[in-house]
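Source file: entry_31.cif (mmCIF, C-alpha atoms)
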```
data_entry
loop_
_atom_site.group_PDB
_atom_site.id
_atom_site.type_symbol
_atom_site.label_atom_id
_atom_site.label_comp_id
_atom_site.auth_asym_id
_atom_site.auth_seq_id
_atom_site.Cartn_x
_atom_site.Cartn_y
_atom_site.Cartn_z
ATOM 1 C CA TYR T 1409 123.562 95.247 106.060
ATOM 2 C CA ARG T 1410 123.154 99.025 105.844
ATOM 3 C CA HIS T 1411 120.516 101.281 107.320
ATOM 4 C CA LEU T 1412 118.542 103.356 104.824
ATOM 5 C CA LEU T 1413 116.114 104.737 107.433
ATOM 6 C CA VAL T 1414 115.620 104.584 111.186
ATOM 7 C CA ASP T 1415 112.636 106.410 112.677
ATOM 8 C CA ASP T 1416 110.064 105.771 115.411
ATOM 9 C CA ASP T 1417 108.033 103.348 113.304
ATOM 10 C CA LEU T 1418 110.304 101.856 110.650
ATOM 11 C CA ILE T 1419 113.776 100.511 110.129
ATOM 12 C CA VAL T 1420 114.646 100.153 106.447
ATOM 13 C CA VAL T 1421 117.783 98.210 105.600
ATOM 14 C CA ASP T 1422 119.792 97.248 102.554
ATOM 15 C CA LYS T 1423 120.232 93.472 102.930
ATOM 16 C CA PRO T 1424 123.260 91.706 101.423
ATOM 17 C CA HIS T 1425 123.212 88.362 99.642
ATOM 18 C CA PHE T 1426 123.207 85.213 101.831
ATOM 19 C CA LEU T 1427 121.555 86.800 104.906
ATOM 20 C CA PRO T 1428 118.066 85.342 105.589
ATOM 21 C CA THR T 1429 115.346 87.856 106.398
ATOM 22 C CA THR T 1430 113.792 85.655 109.098
ATOM 23 C CA SER T 1431 114.434 82.217 110.566
ATOM 24 C CA ASN T 1432 113.806 79.260 108.290
ATOM 25 C CA GLY T 1433 114.136 76.708 111.080
ATOM 26 C CA ARG T 1434 117.811 76.031 110.398
ATOM 27 C CA LEU T 1435 119.177 79.523 110.861
ATOM 28 C CA VAL T 1436 117.874 81.472 113.844
ATOM 29 C CA ARG T 1437 120.476 83.933 115.061
ATOM 30 C CA GLU T 1438 122.113 84.761 111.721
ATOM 31 C CA THR T 1439 119.066 86.465 110.258
ATOM 32 C CA LEU T 1440 118.287 90.091 109.531
ATOM 33 C CA GLN T 1441 115.431 90.145 112.055
ATOM 34 C CA THR T 1442 117.544 88.741 114.893
ATOM 35 C CA ARG T 1443 120.469 91.045 114.160
ATOM 36 C CA LEU T 1444 118.195 94.080 114.227
ATOM 37 C CA ARG T 1445 116.528 92.976 117.474
ATOM 38 C CA VAL T 1446 119.923 92.523 119.124
ATOM 39 C CA LYS T 1447 121.339 95.783 117.760
ATOM 40 C CA PHE T 1448 118.378 97.917 118.877
ATOM 41 C CA GLY T 1449 117.460 95.867 121.945
ATOM 42 C CA GLU T 1450 113.872 95.557 120.715
ATOM 43 C CA ASP T 1451 112.005 92.264 120.394
ATOM 44 C CA ASP T 1452 109.148 93.891 118.466
ATOM 45 C CA ILE T 1453 111.090 94.430 115.223
ATOM 46 C CA VAL T 1454 109.368 92.520 112.408
ATOM 47 C CA PRO T 1455 110.067 92.583 108.640
ATOM 48 C CA LEU T 1456 106.957 93.688 106.740
ATOM 49 C CA HIS T 1457 107.949 91.552 103.747
ATOM 50 C CA ARG T 1458 110.766 89.129 103.047
ATOM 51 C CA LEU T 1459 113.533 88.538 100.562
ATOM 52 C CA ASP T 1460 115.043 85.149 99.805
ATOM 53 C CA ARG T 1461 118.331 84.465 101.579
ATOM 54 C CA LEU T 1462 120.197 84.747 98.271
ATOM 55 C CA THR T 1463 118.515 88.012 97.197
ATOM 56 C CA SER T 1464 119.965 91.394 98.160
ATOM 57 C CA GLY T 1465 118.209 94.722 98.533
ATOM 58 C CA VAL T 1466 115.690 96.784 100.435
ATOM 59 C CA VAL T 1467 113.755 95.335 103.391
ATOM 60 C CA VAL T 1468 111.213 97.428 105.329
ATOM 61 C CA CYS T 1469 110.782 96.499 108.999
ATOM 62 C CA SER T 1470 108.256 97.627 111.604
ATOM 63 C CA ARG T 1471 109.543 98.448 115.088
ATOM 64 C CA ARG T 1472 106.308 99.589 116.782
ATOM 65 C CA PRO T 1473 103.266 97.302 117.246
ATOM 66 C CA ALA T 1474 100.942 100.311 117.542
ATOM 67 C CA THR T 1475 101.531 101.330 113.912
ATOM 68 C CA ARG T 1476 102.416 97.942 112.419
ATOM 69 C CA ALA T 1477 98.976 97.130 111.002
ATOM 70 C CA ALA T 1478 98.915 100.356 108.973
ATOM 71 C CA TYR T 1479 102.214 99.487 107.296
ATOM 72 C CA GLN T 1480 101.336 95.814 106.886
ATOM 73 C CA ARG T 1481 98.257 96.856 104.942
ATOM 74 C CA ILE T 1482 100.496 98.392 102.265
ATOM 75 C CA PHE T 1483 101.974 94.995 101.507
ATOM 76 C CA LEU T 1484 98.787 92.995 101.976
ATOM 77 C CA GLU T 1485 96.961 95.227 99.510
ATOM 78 C CA GLY T 1486 99.842 95.387 97.025
ATOM 79 C CA ALA T 1487 100.141 99.153 97.380
ATOM 80 C CA ALA T 1488 103.949 99.147 97.498
ATOM 81 C CA ARG T 1489 105.721 99.505 94.139
ATOM 82 C CA LYS T 1490 108.699 97.130 94.071
ATOM 83 C CA TYR T 1491 111.479 97.246 91.517
ATOM 84 C CA TYR T 1492 114.018 94.448 91.027
ATOM 85 C CA ARG T 1493 117.118 94.010 88.897
ATOM 86 C CA ALA T 1494 118.552 90.698 87.743
ATOM 87 C CA PHE T 1495 121.238 89.300 85.501
ATOM 88 C CA VAL T 1496 120.280 86.187 83.563
ATOM 89 C CA LYS T 1497 122.298 83.379 82.007
ATOM 90 C CA ARG T 1498 120.770 83.730 78.542
ATOM 91 C CA PRO T 1499 119.874 87.004 76.820
ATOM 92 C CA LEU T 1500 116.201 87.894 77.118
ATOM 93 C CA TYR T 1501 114.214 90.298 74.952
ATOM 94 C CA VAL T 1502 110.861 91.280 76.408
ATOM 95 C CA ASP T 1503 108.878 94.377 77.308
ATOM 96 C CA GLY T 1504 105.543 93.563 78.873
ATOM 97 C CA SER T 1505 103.755 91.515 81.507
ATOM 98 C CA VAL T 1506 103.961 87.770 82.096
ATOM 99 C CA GLU T 1507 101.197 85.939 83.948
ATOM 100 C CA LEU T 1508 101.729 82.454 85.357
ATOM 101 C CA ARG T 1509 100.032 80.141 87.824
ATOM 102 C CA LEU T 1510 102.471 79.096 90.564
ATOM 103 C CA LEU T 1511 101.991 76.118 92.832
ATOM 104 C CA LYS T 1512 103.927 75.766 96.105
ATOM 105 C CA THR T 1513 103.974 72.234 97.486
ATOM 106 C CA SER T 1514 104.696 71.773 101.183
ATOM 107 C CA GLY T 1515 108.120 70.288 101.827
ATOM 108 C CA ARG T 1516 109.546 71.199 98.418
ATOM 109 C CA ARG T 1517 111.850 74.102 97.620
ATOM 110 C CA GLN T 1518 110.787 74.465 94.009
ATOM 111 C CA VAL T 1519 107.630 76.304 93.033
ATOM 112 C CA LYS T 1520 106.013 74.845 89.930
ATOM 113 C CA VAL T 1521 104.171 76.467 87.049
ATOM 114 C CA ASP T 1522 100.811 74.716 87.292
ATOM 115 C CA ALA T 1523 97.255 75.552 86.248
ATOM 116 C CA ALA T 1524 96.142 74.751 89.807
ATOM 117 C CA GLY T 1525 98.471 77.388 91.270
ATOM 118 C CA LYS T 1526 97.971 80.998 92.306
ATOM 119 C CA ARG T 1527 98.053 83.865 89.827
ATOM 120 C CA ALA T 1528 101.448 85.579 89.539
ATOM 121 C CA VAL T 1529 101.949 88.677 87.394
ATOM 122 C CA THR T 1530 105.317 90.272 86.632
ATOM 123 C CA ARG T 1531 106.149 93.192 84.373
ATOM 124 C CA LEU T 1532 109.537 92.791 82.717
ATOM 125 C CA ARG T 1533 111.842 94.797 80.499
ATOM 126 C CA ALA T 1534 114.999 93.298 79.051
ATOM 127 C CA ALA T 1535 117.173 93.570 75.967
ATOM 128 C CA GLY T 1536 120.064 91.293 76.857
ATOM 129 C CA ASN T 1537 121.327 89.822 80.114
ATOM 130 C CA GLU T 1538 120.104 92.582 82.432
ATOM 131 C CA VAL T 1539 116.423 92.496 83.397
ATOM 132 C CA ASP T 1540 114.213 95.055 85.133
ATOM 133 C CA LEU T 1541 111.240 93.549 86.969
ATOM 134 C CA TRP T 1542 108.159 94.961 88.681
ATOM 135 C CA PRO T 1543 106.176 92.190 90.414
ATOM 136 C CA GLU T 1544 102.465 92.943 90.629
ATOM 137 C CA THR T 1545 101.851 89.987 92.949
ATOM 138 C CA GLY T 1546 104.025 88.580 95.717
ATOM 139 C CA ARG T 1547 104.277 84.816 95.237
ATOM 140 C CA THR T 1548 107.130 82.721 96.601
ATOM 141 C CA HIS T 1549 110.076 82.684 94.158
ATOM 142 C CA GLN T 1550 107.918 84.528 91.639
ATOM 143 C CA LEU T 1551 110.730 86.286 89.785
ATOM 144 C CA ARG T 1552 113.057 83.292 89.810
ATOM 145 C CA VAL T 1553 110.378 80.974 88.437
ATOM 146 C CA THR T 1554 109.226 83.475 85.820
ATOM 147 C CA LEU T 1555 112.699 84.012 84.376
ATOM 148 C CA ALA T 1556 113.500 80.287 84.396
ATOM 149 C CA HIS T 1557 110.156 79.645 82.667
ATOM 150 C CA LEU T 1558 111.159 82.134 79.964
ATOM 151 C CA GLY T 1559 114.400 80.207 79.412
ATOM 152 C CA SER T 1560 116.651 82.796 81.081
ATOM 153 C CA PRO T 1561 117.343 81.694 84.672
ATOM 154 C CA ILE T 1562 119.076 84.125 87.003
ATOM 155 C CA VAL T 1563 122.845 83.831 87.411
ATOM 156 C CA GLY T 1564 123.559 82.022 90.683
ATOM 157 C CA ASP T 1565 120.135 80.400 91.025
ATOM 158 C CA ASP T 1566 120.498 77.101 92.909
ATOM 159 C CA THR T 1567 116.854 76.080 92.530
ATOM 160 C CA TYR T 1568 115.647 76.974 89.014
ATOM 161 C CA PRO T 1569 115.439 75.394 86.582
ATOM 162 C CA VAL T 1570 117.296 72.600 88.462
ATOM 163 C CA ASP T 1571 117.393 72.240 92.254
ATOM 164 C CA THR T 1572 121.074 71.635 93.008
ATOM 165 C CA GLY T 1573 120.517 71.284 96.752
ATOM 166 C CA LEU T 1574 120.667 73.722 99.645
ATOM 167 C CA ASP T 1575 124.093 74.556 101.077
ATOM 168 C CA LEU T 1576 123.841 77.297 103.685
ATOM 169 C CA TYR T 1577 127.617 77.691 103.809
ATOM 170 C CA ASP T 1578 128.354 78.056 100.107
ATOM 171 C CA PHE T 1579 129.000 81.757 99.515
ATOM 172 C CA ARG T 1580 130.851 81.493 96.219
ATOM 173 C CA GLN T 1581 128.149 82.677 93.816
ATOM 174 C CA PRO T 1582 125.424 85.122 94.854
ATOM 175 C CA LEU T 1583 122.070 85.079 93.165
ATOM 176 C CA LEU T 1584 122.182 88.109 90.878
ATOM 177 C CA LEU T 1585 118.757 89.338 91.920
ATOM 178 C CA GLN T 1586 118.283 92.565 93.832
ATOM 179 C CA HIS T 1587 115.269 94.319 95.306
ATOM 180 C CA ALA T 1588 116.597 97.612 94.001
ATOM 181 C CA ALA T 1589 113.874 100.020 95.139
ATOM 182 C CA ILE T 1590 110.522 100.287 96.868
ATOM 183 C CA SER T 1591 108.092 103.190 97.014
ATOM 184 C CA PHE T 1592 104.777 103.719 98.780
ATOM 185 C CA THR T 1593 102.596 106.357 100.367
ATOM 186 C CA ASP T 1594 103.186 106.539 104.109
ATOM 187 C CA PRO T 1595 99.881 105.534 105.769
ATOM 188 C CA LEU T 1596 100.507 107.787 108.769
ATOM 189 C CA THR T 1597 101.627 111.005 107.082
ATOM 190 C CA GLY T 1598 100.424 110.610 103.489
ATOM 191 C CA ALA T 1599 103.933 111.498 102.277
ATOM 192 C CA PRO T 1600 105.587 109.585 99.421
ATOM 193 C CA ARG T 1601 108.481 107.371 100.473
ATOM 194 C CA GLU T 1602 111.114 105.695 98.348
ATOM 195 C CA PHE T 1603 114.115 103.598 99.344
ATOM 196 C CA VAL T 1604 116.872 102.541 96.943
ATOM 197 C CA SER T 1605 119.480 99.812 97.394
ATOM 198 C CA LYS T 1606 123.101 100.873 97.266
ATOM 199 C CA TRP T 1607 124.602 97.404 96.831
ATOM 200 C CA PRO T 1608 126.394 96.984 93.477
ATOM 201 C CA LEU T 1609 124.994 94.166 91.389
ATOM 202 C CA GLN T 1610 126.665 94.339 87.996
ATOM 203 C CA SER T 1611 130.179 94.132 89.451
ATOM 204 C CA THR T 1612 129.489 90.573 90.618
ATOM 205 C CA LEU T 1613 128.476 89.294 87.181
ATOM 206 C CA LYS T 1614 130.966 86.708 85.886
#
```
Take the structure I supplied and represent it as C-alpha cells, if you would.
Amino acid sequence: YRHLLVDDDLIVVDKPHFLPTTSNGRLVRETLQTRLRVKFGEDDIVPLHRLDRLTSGVVVCSRRPATRAAYQRIFLEGAARKYYRAFVKRPLYVDGSVELRLLKTSGRRQVKVDAAGKRAVTRLRAAGNEVDLWPETGRTHQLRVTLAHLGSPIVGDDTYPVDTGLDLYDFRQPLLLQHAAISFTDPLTGAPREFVSKWPLQSTLK
C-alpha cells in the first residue's frame, strides 16, 4: 500500500487488490489495519470505512480516538463523496441513477436483489466497458451487485453473478474495481479534502 496522507488524526492509504481492510476471521495479520498498527506502533488505528479484499483504492483511517467520532460522522451521514472506476465484461451504456433493494443473508457471501432488502442507490456513467460510479449509499457489495444486475459484471468478480468460491491465495485476476477518489469537508478545520488513488487500473484489463 501507499500513504496518501499522514497527520495527527488521519492516515490515508492507497490499498492494492487482494489486501483485506480488516480481519474477516480467516486473515488477521495480513490486513491493512494490522499492517498500519505494526508500522506505526499504534493499536488505535481504525479504518473509517472498508473496501472489499479484491477492491483497490483509497482508505481513510483514524489514528486518534479523541477525534474519531467527528470523522466517523462523515461516513455515517453519507457526507463523503466517493468515486469508483470499474471495467465490466459486457459493454454498458447508462448515464443516471440505479436504485435497488439489497438483502444480505447471514452466512452467505452473495447479496441478493430483493424487495425486502435495504435501499441502495448508485449513480453510473458508462459508454462501453469502463464505468464511473458514485455510490449514494454504502451497502455491502453494492457496486458489484448493481453492475451484475445490469448484465455487466465486473472483470474478475468471483461472486457475481455466480459465486465461484473463495480462494484467499488466488492472485491471478484482480477485481477491476477501484475506489478512485474520495472528498469531504474536514470536520475539524472546515477545509475541503480530496484523496485520489494512484494505482493503475486499465493496464490490468485483459
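When only C-alpha atoms are used to measure the gap to Glu1450 of chain T, the shortest distance among T:Lys1423, T:Arg1472, T:Arg1437, T:Arg1601 belongs to T:Arg1472.
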Which residues, named as in the file, does the PyMOL selection byres ((chain T and resi 1494-1502) around 10) pick out? Answer as a VMD selection string.
chain T and resid 1463 1492 to 1493 1503 to 1506 1531 to 1541 1551 to 1552 1555 to 1556 1558 to 1565 1583 to 1588 1609 to 1610 1612 to 1613
Set the distance at 10 Å and use only C-alpha atoms: which residues neighbour segment 1475-1485 of chain T once local chain neighbours fewer than 3 positions away are removed? I'd like the list as a ChimeraX atom specification.
/T:1416-1418,1452-1457,1468-1472,1488-1489,1545-1546,1592-1596
Tell me which residues the PyMOL selection byres ((chain T and resi 1439) around 6) grabs here, as JSON, numbers by chain.
{"T": [1427, 1428, 1429, 1430, 1437, 1438, 1440, 1441, 1442]}
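Considering the residues T:Thr1548, T:Ser1605, T:Gln1518, T:Thr1554 and counting all atoms listed in the file, Thr1572 of chain T has its shortest atom-to-atom contact with T:Gln1518.
Take atom CA of Leu1511 of chain T and atom CA of Gln1550 of chain T: the distance between them is 10.4 Å.
For the atom pair formed by atom CA of Leu1508 of chain T and atom CA of Ala1523 of chain T, the distance is 8.3 Å, given to one decimal.
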Residue IDs satisfying the PyMOL selection byres ((chain T and resi 1422) around 8), as JSON, numbers by chain
{"T": [1409, 1410, 1411, 1412, 1420, 1421, 1423, 1424, 1464, 1465, 1466, 1467, 1605, 1606, 1607]}
How about saving the chosen residues, C-alpha atoms kept, as a PDB file, in the coordinates of the input?
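The result, written out as again_15.pdb:
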```pdb
ATOM      1  CA  TYR T1409     123.562  95.247 106.060  1.00  0.00           C
ATOM      2  CA  ARG T1410     123.154  99.025 105.844  1.00  0.00           C
ATOM      3  CA  HIS T1411     120.516 101.281 107.320  1.00  0.00           C
ATOM      4  CA  LEU T1412     118.542 103.356 104.824  1.00  0.00           C
ATOM      5  CA  VAL T1420     114.646 100.153 106.447  1.00  0.00           C
ATOM      6  CA  VAL T1421     117.783  98.210 105.600  1.00  0.00           C
ATOM      7  CA  LYS T1423     120.232  93.472 102.930  1.00  0.00           C
ATOM      8  CA  PRO T1424     123.260  91.706 101.423  1.00  0.00           C
ATOM      9  CA  SER T1464     119.965  91.394  98.160  1.00  0.00           C
ATOM     10  CA  GLY T1465     118.209  94.722  98.533  1.00  0.00           C
ATOM     11  CA  VAL T1466     115.690  96.784 100.435  1.00  0.00           C
ATOM     12  CA  VAL T1467     113.755  95.335 103.391  1.00  0.00           C
ATOM     13  CA  SER T1605     119.480  99.812  97.394  1.00  0.00           C
ATOM     14  CA  LYS T1606     123.101 100.873  97.266  1.00  0.00           C
ATOM     15  CA  TRP T1607     124.602  97.404  96.831  1.00  0.00           C
TER      16      TRP T1607
END
```
How big is the axis-aligned box, and where does its centre sit, when it encloses all atoms of segment 1597-1606 of chain T listed in the file and has 4 Å added on every side, reported in Å to one decimal as JSON?
```
{"center_x": 111.8, "center_y": 105.7, "center_z": 102.0, "size_x": 30.7, "size_y": 19.7, "size_z": 18.1}
```
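Among T:Asp1460, T:Asp1566, T:Asp1571, T:Glu1602, the residue with the shortest atom-to-atom distance to Ser1431 of chain T, counting all atoms listed in the file, is T:Asp1460.
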Quick one: of T:Val1604, T:Ala1487, T:Leu1510, T:Leu1462, who's nearest to Lys1526 of chain T, counting all atoms listed in the file?
T:Leu1510
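Interatomic distance, atom CA of Lys1512 of chain T to atom CA of Val1553 of chain T: 11.3 Å.
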Can you save segment 1538-1549 of chain T of the given block to a file, including all heavy atoms and formatted as an mmCIF file, in the first residue's frame?
```
data_model
loop_
_atom_site.group_PDB
_atom_site.id
_atom_site.type_symbol
_atom_site.label_atom_id
_atom_site.label_comp_id
_atom_site.auth_asym_id
_atom_site.auth_seq_id
_atom_site.Cartn_x
_atom_site.Cartn_y
_atom_site.Cartn_z
ATOM 1 N N GLU T 1538 -15.783 0.647 -19.640
ATOM 2 C CA GLU T 1538 -15.310 1.391 -18.466
ATOM 3 C C GLU T 1538 -16.493 2.131 -17.840
ATOM 4 O O GLU T 1538 -17.253 2.804 -18.538
ATOM 5 C CB GLU T 1538 -14.214 2.383 -18.838
ATOM 6 C CG GLU T 1538 -13.631 3.104 -17.633
ATOM 7 C CD GLU T 1538 -12.422 3.952 -17.975
ATOM 8 O OE1 GLU T 1538 -12.020 3.982 -19.157
ATOM 9 O OE2 GLU T 1538 -11.870 4.599 -17.053
ATOM 10 N N VAL T 1539 -16.619 2.002 -16.521
ATOM 11 C CA VAL T 1539 -17.764 2.575 -15.809
ATOM 12 C C VAL T 1539 -17.284 3.497 -14.692
ATOM 13 O O VAL T 1539 -16.375 3.149 -13.941
ATOM 14 C CB VAL T 1539 -18.655 1.470 -15.205
ATOM 15 C CG1 VAL T 1539 -19.929 2.079 -14.604
ATOM 16 C CG2 VAL T 1539 -19.011 0.415 -16.235
ATOM 17 N N ASP T 1540 -17.898 4.659 -14.599
ATOM 18 C CA ASP T 1540 -17.693 5.568 -13.467
ATOM 19 C C ASP T 1540 -18.887 5.420 -12.538
ATOM 20 O O ASP T 1540 -20.037 5.406 -12.997
ATOM 21 C CB ASP T 1540 -17.601 7.025 -13.941
ATOM 22 C CG ASP T 1540 -16.406 7.262 -14.843
ATOM 23 O OD1 ASP T 1540 -15.322 6.761 -14.526
ATOM 24 O OD2 ASP T 1540 -16.574 7.947 -15.876
ATOM 25 N N LEU T 1541 -18.624 5.323 -11.230
ATOM 26 C CA LEU T 1541 -19.695 5.085 -10.268
ATOM 27 C C LEU T 1541 -19.556 6.002 -9.065
ATOM 28 O O LEU T 1541 -18.450 6.206 -8.541
ATOM 29 C CB LEU T 1541 -19.680 3.631 -9.790
ATOM 30 C CG LEU T 1541 -19.690 2.540 -10.848
ATOM 31 C CD1 LEU T 1541 -18.304 1.915 -10.965
ATOM 32 C CD2 LEU T 1541 -20.704 1.453 -10.503
ATOM 33 N N TRP T 1542 -20.701 6.515 -8.611
ATOM 34 C CA TRP T 1542 -20.749 7.346 -7.406
ATOM 35 C C TRP T 1542 -21.833 6.761 -6.493
ATOM 36 O O TRP T 1542 -23.029 7.061 -6.668
ATOM 37 C CB TRP T 1542 -21.087 8.788 -7.761
ATOM 38 C CG TRP T 1542 -20.042 9.470 -8.589
ATOM 39 C CD1 TRP T 1542 -19.001 10.229 -8.133
ATOM 40 C CD2 TRP T 1542 -19.961 9.489 -10.025
ATOM 41 N NE1 TRP T 1542 -18.265 10.711 -9.190
ATOM 42 C CE2 TRP T 1542 -18.822 10.257 -10.372
ATOM 43 C CE3 TRP T 1542 -20.724 8.909 -11.045
ATOM 44 C CZ2 TRP T 1542 -18.450 10.476 -11.689
ATOM 45 C CZ3 TRP T 1542 -20.338 9.108 -12.359
ATOM 46 C CH2 TRP T 1542 -19.215 9.889 -12.671
ATOM 47 N N PRO T 1543 -21.479 5.911 -5.547
ATOM 48 C CA PRO T 1543 -22.498 5.341 -4.661
ATOM 49 C C PRO T 1543 -23.063 6.393 -3.718
ATOM 50 O O PRO T 1543 -22.313 7.151 -3.098
ATOM 51 C CB PRO T 1543 -21.727 4.267 -3.886
ATOM 52 C CG PRO T 1543 -20.301 4.732 -3.917
ATOM 53 C CD PRO T 1543 -20.125 5.427 -5.235
ATOM 54 N N GLU T 1544 -24.379 6.444 -3.623
ATOM 55 C CA GLU T 1544 -25.030 7.391 -2.718
ATOM 56 C C GLU T 1544 -25.403 6.726 -1.394
ATOM 57 O O GLU T 1544 -25.774 7.407 -0.443
ATOM 58 C CB GLU T 1544 -26.266 7.983 -3.401
ATOM 59 C CG GLU T 1544 -25.907 8.802 -4.636
ATOM 60 C CD GLU T 1544 -27.124 9.378 -5.345
ATOM 61 O OE1 GLU T 1544 -28.227 9.372 -4.738
ATOM 62 O OE2 GLU T 1544 -26.981 9.827 -6.494
ATOM 63 N N THR T 1545 -25.320 5.406 -1.363
ATOM 64 C CA THR T 1545 -25.483 4.642 -0.124
ATOM 65 C C THR T 1545 -24.277 3.707 -0.016
ATOM 66 O O THR T 1545 -23.501 3.579 -0.966
ATOM 67 C CB THR T 1545 -26.794 3.829 -0.134
ATOM 68 O OG1 THR T 1545 -26.841 3.052 -1.339
ATOM 69 C CG2 THR T 1545 -28.001 4.737 -0.055
ATOM 70 N N GLY T 1546 -24.127 3.054 1.120
ATOM 71 C CA GLY T 1546 -22.942 2.236 1.335
ATOM 72 C C GLY T 1546 -23.258 0.803 1.706
ATOM 73 O O GLY T 1546 -22.793 0.304 2.736
ATOM 74 N N ARG T 1547 -24.018 0.106 0.877
ATOM 75 C CA ARG T 1547 -24.390 -1.276 1.161
ATOM 76 C C ARG T 1547 -23.266 -2.241 0.774
ATOM 77 O O ARG T 1547 -22.478 -1.962 -0.127
ATOM 78 C CB ARG T 1547 -25.661 -1.659 0.407
ATOM 79 C CG ARG T 1547 -26.831 -0.714 0.590
ATOM 80 C CD ARG T 1547 -27.238 -0.573 2.034
ATOM 81 N NE ARG T 1547 -28.341 0.371 2.171
ATOM 82 C CZ ARG T 1547 -28.659 0.983 3.295
ATOM 83 N NH1 ARG T 1547 -27.956 0.753 4.402
ATOM 84 N NH2 ARG T 1547 -29.680 1.826 3.336
ATOM 85 N N THR T 1548 -23.240 -3.379 1.449
ATOM 86 C CA THR T 1548 -22.262 -4.416 1.138
ATOM 87 C C THR T 1548 -22.374 -4.851 -0.324
ATOM 88 O O THR T 1548 -23.470 -5.144 -0.808
ATOM 89 C CB THR T 1548 -22.483 -5.648 2.044
ATOM 90 O OG1 THR T 1548 -22.328 -5.257 3.405
ATOM 91 C CG2 THR T 1548 -21.490 -6.755 1.712
ATOM 92 N N HIS T 1549 -21.231 -4.847 -1.029
ATOM 93 C CA HIS T 1549 -21.156 -5.280 -2.424
ATOM 94 C C HIS T 1549 -22.076 -4.487 -3.347
ATOM 95 O O HIS T 1549 -22.444 -4.971 -4.426
ATOM 96 C CB HIS T 1549 -21.482 -6.777 -2.550
ATOM 97 C CG HIS T 1549 -20.443 -7.672 -1.965
ATOM 98 N ND1 HIS T 1549 -20.541 -9.051 -2.015
ATOM 99 C CD2 HIS T 1549 -19.292 -7.413 -1.296
ATOM 100 C CE1 HIS T 1549 -19.489 -9.593 -1.411
ATOM 101 N NE2 HIS T 1549 -18.718 -8.621 -0.964
#
```
